[in-house]
Amino acid sequence: MSDRVKSLLIKYGCSTLFVAVMAYSYIAARDFAGAKTWEKMVMICDALTVPGMLLLMVGALIWAANTGALDGITYAVGFAVRALIPGGRHKDERYADYVERQREKRVKGYGFLLITGGITMAVATVFLIAYRFF
């Protein structure tokens with residue numbers, strides 16, 4: 001197996017395991033076995049919505065950070081923290097230099113978060129529709 005296939009299996013496997021553990025922990029805290037069929041559909045829908053939204057939102061946050069939308073905020077917070085350190089050992093860096101340095105450190109390969117989150121939300125939507133028409 002090639003390294004690319006192994007990497008994809010690890011990424012998608014870990015995110016699927018995350019969804020499974022979150023869904024199981026949600027369902028295990030409720031009386032799933034004694035519930036009616038429509039209540040089971042609601043529980044499964046809720047159990048899949050939470051990890052699906054988490055994966056989508058983390059993927060969206062990484063995407064926003066990669067486009068540079070958060071560069072100003074991270075620069076200002078970093079500057080404020082360095083300014084509060086006693087002894088004056090912080091370096092002065094211009095914002096343009098900071099943005100240029102951040103462009104070199106962009107994250108790649110996070111699309112699996114958006115894909116697995118989207119699939120999880122699609123399955124949750126199917127259970128929501130099934131509940132509505134059941």
# chains A, B, ... in the order shown; residues from 1 in each chain; ligands from 1

call {"tool": "residues_around", "arguments": {"residues": "Gly52 of chain A", "least_positions_apart": "6", "cutoff": "10 Å", "atoms": "only C-alpha atoms", "output": "mmCIF file with C-alpha atoms, in the first residue's frame"}}
result
data_model
loop_
_atom_site.group_PDB
_atom_site.id
_atom_site.type_symbol
_atom_site.label_atom_id
_atom_site.label_comp_id
_atom_site.auth_asym_id
_atom_site.auth_seq_id
_atom_site.Cartn_x
_atom_site.Cartn_y
_atom_site.Cartn_z
ATOM 1 C CA SER A 15 -12.465 10.891 11.965
ATOM 2 C CA PHE A 18 -14.343 10.048 16.430
ATOM 3 C CA VAL A 19 -17.906 10.105 15.069
ATOM 4 C CA MET A 22 -19.216 10.477 20.116
ATOM 5 C CA ALA A 23 -22.413 8.879 18.814
ATOM 6 C CA ASP A 46 -28.862 14.002 17.565
ATOM 7 C CA LEU A 113 -12.692 16.991 8.078
ATOM 8 C CA LEU A 114 -15.144 18.730 5.776
ATOM 9 C CA ILE A 115 -15.903 15.537 3.855
ATOM 10 C CA THR A 116 -16.514 13.321 6.886
ATOM 11 C CA GLY A 117 -18.465 16.081 8.611
ATOM 12 C CA GLY A 118 -20.615 16.533 5.518
ATOM 13 C CA ILE A 119 -21.278 12.806 5.209
ATOM 14 C CA THR A 120 -22.143 12.581 8.902
ATOM 15 C CA MET A 121 -24.537 15.509 8.595
ATOM 16 C CA ALA A 122 -26.109 13.924 5.496
ATOM 17 C CA VAL A 123 -26.778 10.704 7.423
ATOM 18 C CA ALA A 124 -28.196 12.744 10.321
#

call {"tool": "residues_around", "arguments": {"residues": "Tyr75 of chain A", "least_positions_apart": "6", "cutoff": "10 Å", "atoms": "only C-alpha atoms", "output": "PyMOL selection string"}}
result
chain A and resi 81+93-95+98-99

call {"tool": "select_by_dssp", "arguments": {"residues": "chain A", "states": "helix (DSSP H, G or I)", "output": "JSON, numbers by chain"}}
result
{"A": [3, 4, 5, 6, 7, 8, 9, 10, 11, 12, 13, 14, 15, 16, 17, 18, 19, 20, 21, 22, 23, 24, 25, 26, 27, 28, 37, 38, 39, 40, 41, 42, 43, 44, 45, 46, 47, 48, 49, 50, 51, 52, 53, 54, 55, 56, 57, 58, 59, 60, 61, 62, 63, 64, 65, 66, 71, 72, 73, 74, 75, 76, 77, 78, 79, 80, 81, 82, 83, 84, 95, 96, 97, 98, 99, 100, 101, 102, 103, 104, 111, 112, 113, 114, 115, 116, 117, 118, 119, 120, 121, 122, 123, 124, 125, 126, 127, 128, 129, 130, 131, 132, 133]}

call {"tool": "residues_around", "arguments": {"residues": "Cys45 of chain A", "least_positions_apart": "2", "cutoff": "8 Å", "atoms": "only C-alpha atoms", "output": "ChimeraX atom specification"}}
result
/A:41-43,47-49,123-125,127-128

call {"tool": "write_last_selection", "arguments": {"atoms": "N, CA and C atoms", "output": "PDB file, in the first residue's frame"}}
result
ATOM      1  N   MET A  41     -34.910   7.221  16.243  1.00  0.00           N
ATOM      2  CA  MET A  41     -34.476   8.041  15.108  1.00  0.00           C
ATOM      3  C   MET A  41     -34.010   9.414  15.563  1.00  0.00           C
ATOM      4  N   VAL A  42     -34.704   9.996  16.504  1.00  0.00           N
ATOM      5  CA  VAL A  42     -34.307  11.299  17.042  1.00  0.00           C
ATOM      6  C   VAL A  42     -32.963  11.183  17.755  1.00  0.00           C
ATOM      7  N   MET A  43     -32.781  10.114  18.539  1.00  0.00           N
ATOM      8  CA  MET A  43     -31.512   9.930  19.254  1.00  0.00           C
ATOM      9  C   MET A  43     -30.348   9.747  18.284  1.00  0.00           C
ATOM     10  N   ALA A  47     -27.264  12.195  17.868  1.00  0.00           N
ATOM     11  CA  ALA A  47     -25.938  11.630  18.101  1.00  0.00           C
ATOM     12  C   ALA A  47     -24.999  11.871  16.924  1.00  0.00           C
ATOM     13  N   LEU A  48     -25.529  11.967  15.721  1.00  0.00           N
ATOM     14  CA  LEU A  48     -24.688  12.214  14.552  1.00  0.00           C
ATOM     15  C   LEU A  48     -24.513  13.703  14.260  1.00  0.00           C
ATOM     16  N   THR A  49     -25.448  14.513  14.696  1.00  0.00           N
ATOM     17  CA  THR A  49     -25.360  15.951  14.431  1.00  0.00           C
ATOM     18  C   THR A  49     -24.204  16.593  15.185  1.00  0.00           C
ATOM     19  N   VAL A 123     -26.132  11.856   6.785  1.00  0.00           N
ATOM     20  CA  VAL A 123     -26.778  10.704   7.423  1.00  0.00           C
ATOM     21  C   VAL A 123     -27.729  11.185   8.517  1.00  0.00           C
ATOM     22  N   ALA A 124     -27.314  12.189   9.290  1.00  0.00           N
ATOM     23  CA  ALA A 124     -28.196  12.744  10.321  1.00  0.00           C
ATOM     24  C   ALA A 124     -29.446  13.350   9.695  1.00  0.00           C
ATOM     25  N   THR A 125     -29.305  13.981   8.555  1.00  0.00           N
ATOM     26  CA  THR A 125     -30.457  14.554   7.858  1.00  0.00           C
ATOM     27  C   THR A 125     -31.412  13.470   7.370  1.00  0.00           C
ATOM     28  N   PHE A 127     -31.923  10.606   8.866  1.00  0.00           N
ATOM     29  CA  PHE A 127     -32.680  10.183  10.042  1.00  0.00           C
ATOM     30  C   PHE A 127     -33.707  11.244  10.468  1.00  0.00           C
ATOM     31  N   LEU A 128     -33.390  12.500  10.272  1.00  0.00           N
ATOM     32  CA  LEU A 128     -34.342  13.583  10.572  1.00  0.00           C
ATOM     33  C   LEU A 128     -35.547  13.514   9.643  1.00  0.00           C
TER      34      LEU A 128
END

call {"tool": "atom_distance", "arguments": {"atom1": "atom CA of Lys40 of chain A", "atom2": "atom CA of Met53 of chain A"}}
result
20.0 Å

call {"tool": "atom_distance", "arguments": {"atom1": "atom CA of Gly34 of chain A", "atom2": "atom CA of Thr16 of chain A"}}
result
26.8 Å

call {"tool": "atom_distance", "arguments": {"atom1": "atom CA of Gly72 of chain A", "atom2": "atom CA of Pro86 of chain A"}}
result
23.7 Å

call {"tool": "closest_residue", "arguments": {"among": "A:Phe112, A:Arg101, A:Ala130, A:Ile62", "to": "Ser7 of chain A", "atoms": "only C-alpha atoms"}}
result
A:Phe112

call {"tool": "closest_residue", "arguments": {"among": "A:Lys11, A:Lys6, A:Arg106, A:Arg132", "to": "Ala64 of chain A", "atoms": "only C-alpha atoms"}}
result
A:Arg106
